[in-house]
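K.L.:
This is the content of final-v6.pdb (PDB, C-alpha atoms, pLDDT in the B column):
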```pdb
ATOM      1  CA  MET W  21       0.000   0.000   0.000  1.00 68.00           C
ATOM      2  CA  ASN W  22       2.946   2.332   0.515  1.00 71.00           C
ATOM      3  CA  GLY W  23       4.706   1.434  -2.740  1.00 79.00           C
ATOM      4  CA  GLY W  24       7.524  -0.584  -1.153  1.00 81.00           C
ATOM      5  CA  TYR W  25       8.651   2.264   1.120  1.00 83.00           C
ATOM      6  CA  ILE W  26      10.812   0.989   3.981  1.00 84.00           C
ATOM      7  CA  ASN W  27       9.017   1.725   7.238  1.00 85.00           C
ATOM      8  CA  PRO W  28      11.568   2.014  10.073  1.00 88.00           C
ATOM      9  CA  PRO W  29      10.802   0.665  13.560  1.00 90.00           C
ATOM     10  CA  ARG W  30       8.278   2.562  15.661  1.00 89.00           C
ATOM     11  CA  ILE W  31      10.572   4.456  18.062  1.00 88.00           C
ATOM     12  CA  LYS W  32       9.770   7.912  19.419  1.00 91.00           C
ATOM     13  CA  ARG W  33      12.488  10.466  18.698  1.00 90.00           C
ATOM     14  CA  GLN W  34      12.635  11.442  22.375  1.00 89.00           C
ATOM     15  CA  HIS W  35      14.016   7.979  23.181  1.00 90.00           C
ATOM     16  CA  ARG W  36      16.956   8.383  20.772  1.00 91.00           C
ATOM     17  CA  ASP W  37      20.354   9.388  22.134  1.00 92.00           C
ATOM     18  CA  PRO W  38      20.368  13.204  22.388  1.00 91.00           C
ATOM     19  CA  HIS W  39      24.190  13.333  22.427  1.00 94.00           C
ATOM     20  CA  ALA W  40      24.747  11.313  19.235  1.00 94.00           C
ATOM     21  CA  GLN W  41      26.005  13.030  16.085  1.00 95.00           C
ATOM     22  CA  TRP W  42      22.751  13.620  14.188  1.00 94.00           C
ATOM     23  CA  TRP W  43      22.530  15.469  10.900  1.00 95.00           C
ATOM     24  CA  ASP W  44      19.408  17.159  12.341  1.00 92.00           C
ATOM     25  CA  PRO W  45      20.065  17.288  16.095  1.00 93.00           C
ATOM     26  CA  GLN W  46      16.749  18.959  16.903  1.00 90.00           C
ATOM     27  CA  GLU W  47      14.711  16.160  15.326  1.00 90.00           C
ATOM     28  CA  ARG W  48      17.395  13.509  16.076  1.00 91.00           C
ATOM     29  CA  ARG W  49      17.485  12.318  12.480  1.00 91.00           C
ATOM     30  CA  ASN W  50      20.206  11.633   9.885  1.00 93.00           C
ATOM     31  CA  PHE W  51      20.210  12.737   6.254  1.00 94.00           C
ATOM     32  CA  GLY W  52      18.416  10.254   3.990  1.00 90.00           C
ATOM     33  CA  GLU W  53      16.985   8.255   6.890  1.00 90.00           C
ATOM     34  CA  PRO W  54      13.505   6.918   6.069  1.00 90.00           C
ATOM     35  CA  VAL W  55      10.690   8.575   7.949  1.00 88.00           C
ATOM     36  CA  HIS W  56       8.068   6.459   9.701  1.00 87.00           C
ATOM     37  CA  GLU W  57       4.529   6.805   8.359  1.00 86.00           C
ATOM     38  CA  ASP W  58       3.444   7.945  11.841  1.00 87.00           C
ATOM     39  CA  ASN W  59       6.134  10.614  12.065  1.00 87.00           C
ATOM     40  CA  ASP W  60       3.635  13.145  13.432  1.00 88.00           C
ATOM     41  CA  VAL W  61       3.118  10.908  16.496  1.00 89.00           C
ATOM     42  CA  LEU W  62       6.734   9.765  16.814  1.00 88.00           C
ATOM     43  CA  GLY W  63       8.486  13.105  16.217  1.00 86.00           C
ATOM     44  CA  ILE W  64      10.274  15.131  18.858  1.00 86.00           C
ATOM     45  CA  PHE W  65       7.446  17.697  19.029  1.00 86.00           C
ATOM     46  CA  SER W  66       4.736  15.133  19.722  1.00 84.00           C
ATOM     47  CA  PRO W  67       3.399  14.793  23.297  1.00 83.00           C
ATOM     48  CA  TRP W  68       6.152  13.709  25.657  1.00 80.00           C
ATOM     49  CA  ASP W  69       6.190  10.205  27.156  1.00 81.00           C
ATOM     50  CA  TYR W  70       6.442  10.324  30.928  1.00 80.00           C
ATOM     51  CA  THR W  71       8.536   7.247  31.571  1.00 82.00           C
ATOM     52  CA  TRP W  72      10.332   8.395  34.729  1.00 85.00           C
ATOM     53  CA  THR W  73       7.729   7.013  37.167  1.00 88.00           C
ATOM     54  CA  THR W  74       4.960   4.439  37.403  1.00 90.00           C
ATOM     55  CA  THR W  75       1.399   4.629  38.713  1.00 92.00           C
ATOM     56  CA  GLY W  76       2.109   3.739  42.361  1.00 95.00           C
ATOM     57  CA  PRO W  77       4.824   6.304  43.090  1.00 95.00           C
ATOM     58  CA  GLY W  78       2.943   8.860  40.977  1.00 93.00           C
ATOM     59  CA  LEU W  79      -0.169   8.504  43.148  1.00 96.00           C
ATOM     60  CA  ILE W  80       1.985   8.766  46.278  1.00 97.00           C
ATOM     61  CA  MET W  81       3.510  12.012  44.953  1.00 97.00           C
ATOM     62  CA  ILE W  82       0.098  13.481  44.116  1.00 97.00           C
ATOM     63  CA  GLY W  83      -1.274  12.421  47.513  1.00 98.00           C
ATOM     64  CA  THR W  84       1.715  13.965  49.284  1.00 98.00           C
ATOM     65  CA  PHE W  85       1.214  17.222  47.404  1.00 98.00           C
ATOM     66  CA  ILE W  86      -2.506  17.354  48.271  1.00 98.00           C
ATOM     67  CA  ALA W  87      -1.846  16.513  51.953  1.00 98.00           C
ATOM     68  CA  THR W  88       0.876  19.181  52.180  1.00 98.00           C
ATOM     69  CA  PHE W  89      -1.307  21.793  50.471  1.00 98.00           C
ATOM     70  CA  LEU W  90      -4.284  21.076  52.733  1.00 98.00           C
ATOM     71  CA  GLY W  91      -2.003  21.027  55.808  1.00 98.00           C
ATOM     72  CA  VAL W  92      -0.537  24.437  55.013  1.00 98.00           C
ATOM     73  CA  THR W  93      -4.003  25.799  54.224  1.00 96.00           C
ATOM     74  CA  GLY W  94      -5.297  24.468  57.560  1.00 96.00           C
ATOM     75  CA  LEU W  95      -2.416  26.040  59.490  1.00 95.00           C
ATOM     76  CA  VAL W  96      -3.028  29.388  57.822  1.00 93.00           C
ATOM     77  CA  TYR W  97      -6.759  29.100  58.572  1.00 92.00           C
ATOM     78  CA  LEU W  98      -6.084  28.358  62.256  1.00 91.00           C
ATOM     79  CA  ASN W  99      -3.532  31.166  62.691  1.00 90.00           C
ATOM     80  CA  TYR W 100      -5.059  33.887  60.509  1.00 86.00           C
ATOM     81  CA  PRO W 101      -6.636  36.714  62.505  1.00 79.00           C
ATOM     82  CA  ASP W 102     -10.401  36.887  62.436  1.00 77.00           C
ATOM     83  CA  ARG W 103     -10.711  40.586  61.675  1.00 70.00           C
ATOM     84  CA  PRO W 104      -8.201  42.817  59.925  1.00 69.00           C
ATOM     85  CA  SER W 105      -9.123  45.857  62.080  1.00 74.00           C
ATOM     86  CA  TYR W 106     -10.902  46.827  65.281  1.00 75.00           C
ATOM     87  CA  PRO W 107     -14.668  47.288  64.763  1.00 75.00           C
ATOM     88  CA  ARG W 108     -15.963  50.851  64.790  1.00 79.00           C
ATOM     89  CA  GLU W 109     -18.168  51.920  67.673  1.00 81.00           C
ATOM     90  CA  PHE W 110     -20.792  54.642  67.518  1.00 79.00           C
ATOM     91  CA  GLU W 111     -22.595  56.365  70.333  1.00 79.00           C
ATOM     92  CA  GLY W 112     -25.972  54.699  70.628  1.00 72.00           C
ATOM     93  CA  GLY W 113     -24.899  52.010  68.157  1.00 75.00           C
ATOM     94  CA  LEU W 114     -26.552  53.752  65.151  1.00 77.00           C
ATOM     95  CA  GLU W 115     -29.856  52.297  66.269  1.00 76.00           C
ATOM     96  CA  LYS W 116     -31.911  55.151  64.830  1.00 71.00           C
ATOM     97  CA  GLU W 117     -29.894  55.423  61.618  1.00 75.00           C
ATOM     98  CA  LEU W 118     -30.149  51.703  60.850  1.00 74.00           C
ATOM     99  CA  GLY W 119     -33.849  51.436  61.612  1.00 74.00           C
ATOM    100  CA  GLY W 120     -33.734  49.863  65.057  1.00 76.00           C
ATOM    101  CA  PRO W 121     -36.686  49.596  67.453  1.00 77.00           C
ATOM    102  CA  GLY W 122     -36.436  53.286  68.505  1.00 73.00           C
ATOM    103  CA  ALA W 123     -36.333  54.649  64.939  1.00 73.00           C
ATOM    104  CA  VAL W 124     -39.205  56.622  63.411  1.00 74.00           C
ATOM    105  CA  ARG W 125     -40.735  54.655  60.558  1.00 70.00           C
ATOM    106  CA  ALA W 126     -41.107  56.378  57.207  1.00 71.00           C
ATOM    107  CA  ARG W 127     -44.432  54.734  56.471  1.00 70.00           C
ATOM    108  CA  MET W 128     -46.505  52.106  58.203  1.00 66.00           C
ATOM    109  CA  GLU W 129     -48.303  49.349  56.388  1.00 69.00           C
ATOM    110  CA  GLY W 130     -51.704  50.477  55.248  1.00 67.00           C
ATOM    111  CA  ASP W 131     -50.864  54.204  55.399  1.00 65.00           C
ATOM    112  CA  GLU W 132     -51.805  56.153  52.331  1.00 67.00           C
ATOM    113  CA  GLU W 133     -49.558  58.620  50.620  1.00 62.00           C
ATOM    114  CA  PRO W 134     -50.565  62.282  51.067  1.00 58.00           C
TER     115      PRO W 134
END
```
Can you dump the structure from the file as structure tokens?

P.N.:
Amino acid sequence: MNGGYINPPRIKRQHRDPHAQWWDPQERRNFGEPVHEDNDVLGIFSPWDYTWTTTGPGLIMIGTFIATFLGVTGLVYLNYPDRPSYPREFEGGLEKELGGPGAVRARMEGDEEP
């Protein structure tokens, strides 16, 4: 189907030796080397394979990060002051101004407008 084109082995370019003498060091490829038909998936700019850890240690690392983050957040919550400033006090507590029990009502229910 590909006209006899030699398809090289399926190896991602990131797994090739980065210190070897490549004709194209960025793509880790030599001049005249056949290109795999899935070069877009196997090239150096394709998504990186994370091969440095496995599932178990990865979950332990994520769990440790979450536990540390929540621990620090909890310590900050417990030690953070409740109010940034001292509350203001007014003579009489602004009872009239805020419509407390001693305030004169503007209109009672059922009153008609003049």

K.L.:
What does the structure give for the distance between atom CA of W:Trp72 and atom CA of W:Arg30, in Å to one decimal?

P.N.:
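Between atom CA of W:Trp72 and atom CA of W:Arg30 the gap works out to 20.0 Å.
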
K.L.:
To one decimal in Å, tell me the separation between atom CA of W:Ala123 and atom CA of W:Glu111.

P.N.:
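The value is 14.9 Å.
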
K.L.:
Centre and edge lengths of an axis-aligned box around all listed atoms of stretch 57-63 of chain W, with 5 Å added on each side, are to be given in Å to one decimal, as AutoDock Vina command-line options.

P.N.:
```
--center_x 5.8 --center_y 10.0 --center_z 12.6 --size_x 15.4 --size_y 16.3 --size_z 18.5
```

K.L.:
As an exercise, work out the distance from atom CA of W:Ala40 to atom CA of W:Thr73 in Å and give it to one decimal place.

P.N.:
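Between atom CA of W:Ala40 and atom CA of W:Thr73 the gap is 25.1 Å.
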
K.L.:
W:Asp37: which residues within 12 Å, counting all atoms listed in the file, same-chain residues fewer than 4 positions away excluded, as a list in words?

P.N.:
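So, after excluding close chain neighbours, the residues are Ile31, Lys32, Arg33, Gln41, Trp42, Pro45, Gln46, Glu47, Arg48 and Arg49 of chain W.
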
K.L.:
Write stretch 99-110 of chain W as a PDB file, in the coordinates of the input, completed to all heavy atoms.

P.N.:
```pdb
ATOM      1  N   ASN W  99      -4.343  30.076  62.154  1.00 90.00           N
ATOM      2  CA  ASN W  99      -3.532  31.166  62.691  1.00 90.00           C
ATOM      3  C   ASN W  99      -3.856  32.533  62.107  1.00 90.00           C
ATOM      4  O   ASN W  99      -3.298  33.524  62.547  1.00 90.00           O
ATOM      5  CB  ASN W  99      -2.048  30.864  62.463  1.00 90.00           C
ATOM      6  CG  ASN W  99      -1.616  29.667  63.279  1.00 90.00           C
ATOM      7  OD1 ASN W  99      -1.967  29.542  64.441  1.00 90.00           O
ATOM      8  ND2 ASN W  99      -0.864  28.783  62.658  1.00 90.00           N
ATOM      9  N   TYR W 100      -4.736  32.607  61.139  1.00 86.00           N
ATOM     10  CA  TYR W 100      -5.059  33.887  60.509  1.00 86.00           C
ATOM     11  C   TYR W 100      -5.988  34.669  61.427  1.00 86.00           C
ATOM     12  O   TYR W 100      -6.933  34.116  61.992  1.00 86.00           O
ATOM     13  CB  TYR W 100      -5.738  33.632  59.161  1.00 86.00           C
ATOM     14  CG  TYR W 100      -5.716  34.821  58.237  1.00 86.00           C
ATOM     15  CD1 TYR W 100      -4.550  35.205  57.614  1.00 86.00           C
ATOM     16  CD2 TYR W 100      -6.867  35.564  57.992  1.00 86.00           C
ATOM     17  CE1 TYR W 100      -4.518  36.286  56.757  1.00 86.00           C
ATOM     18  CE2 TYR W 100      -6.841  36.649  57.148  1.00 86.00           C
ATOM     19  CZ  TYR W 100      -5.665  37.002  56.535  1.00 86.00           C
ATOM     20  OH  TYR W 100      -5.645  38.078  55.701  1.00 86.00           O
ATOM     21  N   PRO W 101      -5.755  35.948  61.612  1.00 79.00           N
ATOM     22  CA  PRO W 101      -6.636  36.714  62.505  1.00 79.00           C
ATOM     23  C   PRO W 101      -8.048  36.808  61.933  1.00 79.00           C
ATOM     24  O   PRO W 101      -8.259  36.817  60.723  1.00 79.00           O
ATOM     25  CB  PRO W 101      -5.969  38.093  62.568  1.00 79.00           C
ATOM     26  CG  PRO W 101      -5.112  38.169  61.360  1.00 79.00           C
ATOM     27  CD  PRO W 101      -4.698  36.759  61.034  1.00 79.00           C
ATOM     28  N   ASP W 102      -9.000  36.864  62.866  1.00 77.00           N
ATOM     29  CA  ASP W 102     -10.401  36.887  62.436  1.00 77.00           C
ATOM     30  C   ASP W 102     -10.770  38.179  61.713  1.00 77.00           C
ATOM     31  O   ASP W 102     -11.457  38.159  60.714  1.00 77.00           O
ATOM     32  CB  ASP W 102     -11.328  36.714  63.638  1.00 77.00           C
ATOM     33  CG  ASP W 102     -11.261  35.315  64.207  1.00 77.00           C
ATOM     34  OD1 ASP W 102     -10.893  34.412  63.442  1.00 77.00           O
ATOM     35  OD2 ASP W 102     -11.553  35.141  65.397  1.00 77.00           O
ATOM     36  N   ARG W 103     -10.345  39.311  62.280  1.00 70.00           N
ATOM     37  CA  ARG W 103     -10.711  40.586  61.675  1.00 70.00           C
ATOM     38  C   ARG W 103      -9.451  41.384  61.393  1.00 70.00           C
ATOM     39  O   ARG W 103      -8.553  41.441  62.217  1.00 70.00           O
ATOM     40  CB  ARG W 103     -11.605  41.370  62.622  1.00 70.00           C
ATOM     41  CG  ARG W 103     -12.856  40.588  63.001  1.00 70.00           C
ATOM     42  CD  ARG W 103     -13.765  41.476  63.717  1.00 70.00           C
ATOM     43  NE  ARG W 103     -14.563  42.137  62.685  1.00 70.00           N
ATOM     44  CZ  ARG W 103     -15.706  42.705  62.911  1.00 70.00           C
ATOM     45  NH1 ARG W 103     -16.202  42.733  64.110  1.00 70.00           N
ATOM     46  NH2 ARG W 103     -16.385  43.270  61.945  1.00 70.00           N
ATOM     47  N   PRO W 104      -9.404  42.036  60.246  1.00 69.00           N
ATOM     48  CA  PRO W 104      -8.201  42.817  59.925  1.00 69.00           C
ATOM     49  C   PRO W 104      -8.091  44.113  60.723  1.00 69.00           C
ATOM     50  O   PRO W 104      -7.027  44.692  60.818  1.00 69.00           O
ATOM     51  CB  PRO W 104      -8.352  43.101  58.431  1.00 69.00           C
ATOM     52  CG  PRO W 104      -9.803  43.016  58.177  1.00 69.00           C
ATOM     53  CD  PRO W 104     -10.346  42.012  59.156  1.00 69.00           C
ATOM     54  N   SER W 105      -9.180  44.604  61.328  1.00 74.00           N
ATOM     55  CA  SER W 105      -9.123  45.857  62.080  1.00 74.00           C
ATOM     56  C   SER W 105     -10.110  45.795  63.240  1.00 74.00           C
ATOM     57  O   SER W 105     -10.962  44.920  63.316  1.00 74.00           O
ATOM     58  CB  SER W 105      -9.462  47.042  61.169  1.00 74.00           C
ATOM     59  OG  SER W 105     -10.793  46.924  60.709  1.00 74.00           O
ATOM     60  N   TYR W 106     -10.002  46.752  64.128  1.00 75.00           N
ATOM     61  CA  TYR W 106     -10.902  46.827  65.281  1.00 75.00           C
ATOM     62  C   TYR W 106     -12.245  47.379  64.803  1.00 75.00           C
ATOM     63  O   TYR W 106     -12.292  48.337  64.029  1.00 75.00           O
ATOM     64  CB  TYR W 106     -10.287  47.738  66.349  1.00 75.00           C
ATOM     65  CG  TYR W 106     -11.032  47.693  67.649  1.00 75.00           C
ATOM     66  CD1 TYR W 106     -10.892  46.608  68.505  1.00 75.00           C
ATOM     67  CD2 TYR W 106     -11.877  48.727  68.014  1.00 75.00           C
ATOM     68  CE1 TYR W 106     -11.579  46.563  69.696  1.00 75.00           C
ATOM     69  CE2 TYR W 106     -12.574  48.683  69.198  1.00 75.00           C
ATOM     70  CZ  TYR W 106     -12.425  47.591  70.045  1.00 75.00           C
ATOM     71  OH  TYR W 106     -13.124  47.548  71.214  1.00 75.00           O
ATOM     72  N   PRO W 107     -13.371  46.804  65.242  1.00 75.00           N
ATOM     73  CA  PRO W 107     -14.668  47.288  64.763  1.00 75.00           C
ATOM     74  C   PRO W 107     -14.956  48.709  65.260  1.00 75.00           C
ATOM     75  O   PRO W 107     -14.595  49.078  66.376  1.00 75.00           O
ATOM     76  CB  PRO W 107     -15.658  46.279  65.351  1.00 75.00           C
ATOM     77  CG  PRO W 107     -14.966  45.650  66.492  1.00 75.00           C
ATOM     78  CD  PRO W 107     -13.511  45.680  66.171  1.00 75.00           C
ATOM     79  N   ARG W 108     -15.615  49.480  64.422  1.00 79.00           N
ATOM     80  CA  ARG W 108     -15.963  50.851  64.790  1.00 79.00           C
ATOM     81  C   ARG W 108     -17.116  50.838  65.777  1.00 79.00           C
ATOM     82  O   ARG W 108     -18.007  50.001  65.704  1.00 79.00           O
ATOM     83  CB  ARG W 108     -16.370  51.634  63.546  1.00 79.00           C
ATOM     84  CG  ARG W 108     -15.211  51.859  62.611  1.00 79.00           C
ATOM     85  CD  ARG W 108     -15.639  52.519  61.338  1.00 79.00           C
ATOM     86  NE  ARG W 108     -16.132  53.865  61.584  1.00 79.00           N
ATOM     87  CZ  ARG W 108     -16.638  54.653  60.638  1.00 79.00           C
ATOM     88  NH1 ARG W 108     -16.700  54.241  59.408  1.00 79.00           N
ATOM     89  NH2 ARG W 108     -17.083  55.850  60.942  1.00 79.00           N
ATOM     90  N   GLU W 109     -17.086  51.795  66.696  1.00 81.00           N
ATOM     91  CA  GLU W 109     -18.168  51.920  67.673  1.00 81.00           C
ATOM     92  C   GLU W 109     -18.754  53.316  67.560  1.00 81.00           C
ATOM     93  O   GLU W 109     -18.035  54.293  67.436  1.00 81.00           O
ATOM     94  CB  GLU W 109     -17.638  51.679  69.085  1.00 81.00           C
ATOM     95  CG  GLU W 109     -17.169  50.259  69.305  1.00 81.00           C
ATOM     96  CD  GLU W 109     -16.675  50.047  70.733  1.00 81.00           C
ATOM     97  OE1 GLU W 109     -16.789  50.973  71.546  1.00 81.00           O
ATOM     98  OE2 GLU W 109     -16.183  48.948  70.994  1.00 81.00           O
ATOM     99  N   PHE W 110     -20.088  53.364  67.618  1.00 79.00           N
ATOM    100  CA  PHE W 110     -20.792  54.642  67.518  1.00 79.00           C
ATOM    101  C   PHE W 110     -21.639  54.820  68.766  1.00 79.00           C
ATOM    102  O   PHE W 110     -22.161  53.847  69.330  1.00 79.00           O
ATOM    103  CB  PHE W 110     -21.682  54.676  66.276  1.00 79.00           C
ATOM    104  CG  PHE W 110     -20.903  54.570  64.992  1.00 79.00           C
ATOM    105  CD1 PHE W 110     -20.710  53.346  64.376  1.00 79.00           C
ATOM    106  CD2 PHE W 110     -20.363  55.702  64.424  1.00 79.00           C
ATOM    107  CE1 PHE W 110     -20.007  53.244  63.217  1.00 79.00           C
ATOM    108  CE2 PHE W 110     -19.649  55.618  63.244  1.00 79.00           C
ATOM    109  CZ  PHE W 110     -19.458  54.386  62.641  1.00 79.00           C
TER     110      PHE W 110
END
```
